>>> print(open('structure24.txt').read())   # compact mmCIF, C-alpha atoms and all ligand atoms
# COMPACT_ATOMS: atom_id res chain seq x y z
CA MET I 13 -67.97 160.83 66.32
CA PRO I 14 -71.40 159.25 66.74
CA ASN I 15 -74.41 161.50 67.21
CA ILE I 16 -76.88 160.67 69.94
CA GLN I 17 -80.26 162.12 70.93
CA VAL I 18 -80.51 163.32 74.52
CA THR I 19 -83.80 164.19 76.20
CA SER I 20 -83.46 166.22 79.37
CA ARG I 21 -85.70 165.96 82.41
CA ASP I 22 -87.76 168.91 81.17
CA GLY I 23 -88.39 167.11 77.88
CA SER I 24 -86.07 169.26 75.79
CA GLN I 25 -84.13 167.34 73.17
CA ALA I 26 -80.66 167.82 71.74
CA THR I 27 -78.38 166.05 69.33
CA VAL I 28 -74.98 165.54 70.91
CA SER I 29 -71.81 164.49 69.11
CA VAL I 30 -69.95 162.07 71.35
CA ASN I 31 -66.37 160.89 71.33
CA ASN I 32 -65.31 157.29 71.14
CA GLY I 33 -63.11 155.84 73.84
CA ILE I 34 -64.63 157.66 76.80
CA SER I 35 -67.82 156.95 78.66
CA LEU I 36 -71.23 158.22 77.78
CA MET I 37 -71.28 160.01 81.14
CA GLU I 38 -68.04 161.84 80.35
CA ASN I 39 -69.43 162.82 76.98
CA LEU I 40 -72.67 164.13 78.48
CA LYS I 41 -70.77 166.23 81.00
CA ALA I 42 -68.36 167.49 78.34
CA ALA I 43 -71.39 168.56 76.30
CA GLY I 44 -72.54 170.68 79.22
CA ASN I 45 -75.31 168.48 80.57
CA THR I 46 -75.82 169.53 84.17
CA GLU I 47 -78.38 166.84 85.02
CA VAL I 48 -75.74 164.11 85.00
CA LEU I 49 -73.96 164.75 88.29
CA ALA I 50 -71.67 161.70 88.24
CA LEU I 51 -70.75 162.26 91.86
CA CYS I 52 -68.60 159.14 92.14
CA GLY I 53 -66.59 160.02 89.05
CA GLY I 54 -67.62 156.92 87.14
CA CYS I 55 -67.16 154.13 89.68
CA ALA I 56 -70.74 152.81 89.43
CA SER I 57 -71.31 153.73 93.06
CA CYS I 58 -73.56 156.83 93.05
CA GLY I 59 -76.28 156.31 90.45
CA THR I 60 -76.31 159.99 89.49
CA CYS I 61 -75.47 159.21 85.87
CA HIS I 62 -78.60 157.09 85.42
CA VAL I 63 -80.21 157.26 81.97
CA HIS I 64 -83.07 155.49 80.26
CA VAL I 65 -82.23 154.34 76.76
CA ALA I 66 -84.83 154.04 74.03
CA ALA I 67 -86.45 150.60 73.95
CA GLU I 68 -84.84 149.62 70.65
CA TRP I 69 -81.42 150.21 72.20
CA ILE I 70 -81.75 147.97 75.24
CA ASP I 71 -80.33 144.94 73.46
CA ARG I 72 -77.89 146.86 71.29
CA LEU I 73 -75.69 148.08 74.13
CA PRO I 74 -72.96 146.08 75.86
CA PRO I 75 -74.33 143.98 78.72
CA MET I 76 -74.35 145.27 82.27
CA GLY I 77 -71.56 144.37 84.62
CA GLU I 78 -72.08 143.27 88.19
CA ASP I 79 -71.35 146.73 89.65
CA GLU I 80 -73.82 148.43 87.34
CA GLU I 81 -76.50 145.86 88.07
CA GLU I 82 -75.97 146.24 91.80
CA MET I 83 -76.10 150.05 91.73
CA LEU I 84 -79.20 150.12 89.56
CA SER I 85 -80.95 147.67 91.87
CA LEU I 86 -81.00 150.56 94.36
CA ALA I 87 -82.15 153.22 91.89
CA PRO I 88 -85.70 154.46 92.50
CA TYR I 89 -86.46 155.13 88.82
CA ARG I 90 -85.02 151.94 87.46
CA ASN I 91 -86.83 150.32 84.58
CA GLU I 92 -85.94 147.83 81.86
CA SER I 93 -84.18 150.57 79.89
CA SER I 94 -81.99 151.82 82.74
CA ARG I 95 -78.25 152.12 82.34
CA LEU I 96 -75.46 153.90 84.17
CA SER I 97 -73.95 156.17 81.55
CA CYS I 98 -70.54 155.93 83.24
CA GLN I 99 -70.39 152.23 82.45
CA LEU I 100 -70.92 152.61 78.72
CA GLN I 101 -67.81 153.28 76.65
CA VAL I 102 -68.78 155.04 73.45
CA THR I 103 -68.01 153.41 70.12
CA ASP I 104 -69.22 154.02 66.57
CA ASP I 105 -72.04 151.58 67.36
CA PHE I 106 -73.66 154.31 69.47
CA GLU I 107 -74.65 156.28 66.36
CA GLY I 108 -78.33 157.22 66.75
CA LEU I 109 -78.63 156.19 70.40
CA ALA I 110 -81.57 157.92 72.05
CA LEU I 111 -81.68 158.37 75.81
CA THR I 112 -83.48 160.30 78.50
CA ILE I 113 -81.83 161.49 81.68
CA ALA I 114 -83.48 159.59 84.55
CA PRO I 115 -85.39 161.64 87.15
CA GLU I 116 -83.36 162.90 90.08
CA ALA I 117 -83.40 160.35 92.89
S1 LIG I 201 -70.96 158.33 87.85
FE1 LIG I 201 -71.51 157.40 89.72
S2 LIG I 201 -72.59 155.65 89.10
FE2 LIG I 201 -72.03 156.56 87.24
>>> encode(input="structure24.txt", output="structure tokens")
Amino acid sequence: MPNIQVTSRDGSQATVSVNNGISLMENLKAAGNTEVLALCGGCASCGTCHVHVAAEWIDRLPPMGEDEEEMLSLAPYRNESSRLSCQLQVTDDFEGLALTIAPEA
């Protein structure tokens, strides 16, 4: 179970143990994060699971698929560190990942 660092919209930080084999979004919700709405259930079609990963993690995560790229192109708070947490399947490689929940669109 990798541990990740999650910064909420209010700046509060928490270490969250996440499970392999399910998405980052599912893990965040399972950990009780209420800022990740995930309204589409993980289909890359709502953008409400948007997170910003720490700069050093941008190139360490699996590349974006077409659906993720398309959805994020519509996201108002997109930046170079944007990812849809529903499109990231957690593995041991996520140990130490730091992310911030993107502002509400
Ligand atoms: S849960 Fe809807 S885009 Fe990720």
>>> closest_atom_pairs(input="structure24.txt", of="chain I", to="ligand LIG 201 (chain I)", cutoff="8 Å", atoms="all atoms listed in the file", output="JSON lines")
{"residue": "I:Met37", "atom": "CA", "partner": "I:LIG201", "partner_atom": "S1", "distance": 6.9}
{"residue": "I:Leu49", "atom": "CA", "partner": "I:LIG201", "partner_atom": "S1", "distance": 7.1}
{"residue": "I:Ala50", "atom": "CA", "partner": "I:LIG201", "partner_atom": "S1", "distance": 3.5}
{"residue": "I:Leu51", "atom": "CA", "partner": "I:LIG201", "partner_atom": "FE1", "distance": 5.4}
{"residue": "I:Cys52", "atom": "CA", "partner": "I:LIG201", "partner_atom": "FE1", "distance": 4.2}
{"residue": "I:Gly53", "atom": "CA", "partner": "I:LIG201", "partner_atom": "S1", "distance": 4.8}
{"residue": "I:Gly54", "atom": "CA", "partner": "I:LIG201", "partner_atom": "S1", "distance": 3.7}
{"residue": "I:Cys55", "atom": "CA", "partner": "I:LIG201", "partner_atom": "FE1", "distance": 5.4}
{"residue": "I:Ala56", "atom": "CA", "partner": "I:LIG201", "partner_atom": "S2", "distance": 3.4}
{"residue": "I:Ser57", "atom": "CA", "partner": "I:LIG201", "partner_atom": "S2", "distance": 4.6}
{"residue": "I:Cys58", "atom": "CA", "partner": "I:LIG201", "partner_atom": "FE1", "distance": 4.0}
{"residue": "I:Gly59", "atom": "CA", "partner": "I:LIG201", "partner_atom": "S2", "distance": 4.0}
{"residue": "I:Thr60", "atom": "CA", "partner": "I:LIG201", "partner_atom": "FE1", "distance": 5.5}
{"residue": "I:Cys61", "atom": "CA", "partner": "I:LIG201", "partner_atom": "FE2", "distance": 4.6}
{"residue": "I:His62", "atom": "CA", "partner": "I:LIG201", "partner_atom": "FE2", "distance": 6.8}
{"residue": "I:Glu80", "atom": "CA", "partner": "I:LIG201", "partner_atom": "S2", "distance": 7.5}
{"residue": "I:Met83", "atom": "CA", "partner": "I:LIG201", "partner_atom": "S2", "distance": 7.1}
{"residue": "I:Leu96", "atom": "CA", "partner": "I:LIG201", "partner_atom": "FE2", "distance": 5.3}
{"residue": "I:Ser97", "atom": "CA", "partner": "I:LIG201", "partner_atom": "FE2", "distance": 6.0}
{"residue": "I:Cys98", "atom": "CA", "partner": "I:LIG201", "partner_atom": "FE2", "distance": 4.3}
{"residue": "I:Gln99", "atom": "CA", "partner": "I:LIG201", "partner_atom": "FE2", "distance": 6.7}
>>> atom_distance(input="structure24.txt", atom1="atom CA of I:Gln101", atom2="atom CA of I:Ala117")
23.6 Å
>>> closest_residue(input="structure24.txt", among="I:Val48, I:Ala110, I:Ala42, I:Pro14", to="I:Val30", atoms="all atoms listed in the file")
I:Pro14
>>> residues_around(input="structure24.txt", residues="I:Glu92", least_positions_apart="3", cutoff="9 Å", atoms="all atoms listed in the file", output="PyMOL selection string")
chain I and resi 64+67+70+95
>>> residues_around(input="structure24.txt", residues="I:Gly108", least_positions_apart="3", cutoff="9 Å", atoms="only C-alpha atoms", output="PDB file with C-alpha atoms, keeping the file's coordinate frame")
ATOM      1  CA  PRO I  14     -71.400 159.250  66.740  1.00  0.00           C
ATOM      2  CA  ASN I  15     -74.410 161.500  67.210  1.00  0.00           C
ATOM      3  CA  ILE I  16     -76.880 160.670  69.940  1.00  0.00           C
ATOM      4  CA  GLN I  17     -80.260 162.120  70.930  1.00  0.00           C
ATOM      5  CA  ASP I 105     -72.040 151.580  67.360  1.00  0.00           C
TER       6      ASP I 105
END
>>> closest_atom_pairs(input="structure24.txt", of="stretch 69-114 of chain I", to="stretch 20-25 of chain I", cutoff="10 Å", atoms="all atoms listed in the file", output="CSV")
residue,atom,partner,partner_atom,distance
I:Ala110,CA,I:Gln25,CA,9.8
I:Leu111,CA,I:Ser20,CA,8.8
I:Thr112,CA,I:Ser20,CA,6.0
I:Ile113,CA,I:Ser20,CA,5.5
I:Ala114,CA,I:Arg21,CA,7.1
>>> closest_residue(input="structure24.txt", among="I:Met13, I:Pro88, I:Leu109, I:Asp79", to="I:Asn32", atoms="only C-alpha atoms")
I:Met13
>>> atom_distance(input="structure24.txt", atom1="atom CA of I:Asp71", atom2="atom CA of I:Ala43")
25.4 Å
>>> atom_distance(input="structure24.txt", atom1="atom CA of I:Glu116", atom2="atom CA of I:Pro75")
23.8 Å
>>> closest_residue(input="structure24.txt", among="I:Val28, I:Leu86, I:Ile34, I:Ala66", to="I:Leu100", atoms="all atoms listed in the file")
I:Ile34
>>> closest_residue(input="structure24.txt", among="I:Glu107, I:Thr27, I:Gly77, I:Thr19", to="I:Val63", atoms="only C-alpha atoms")
I:Thr19
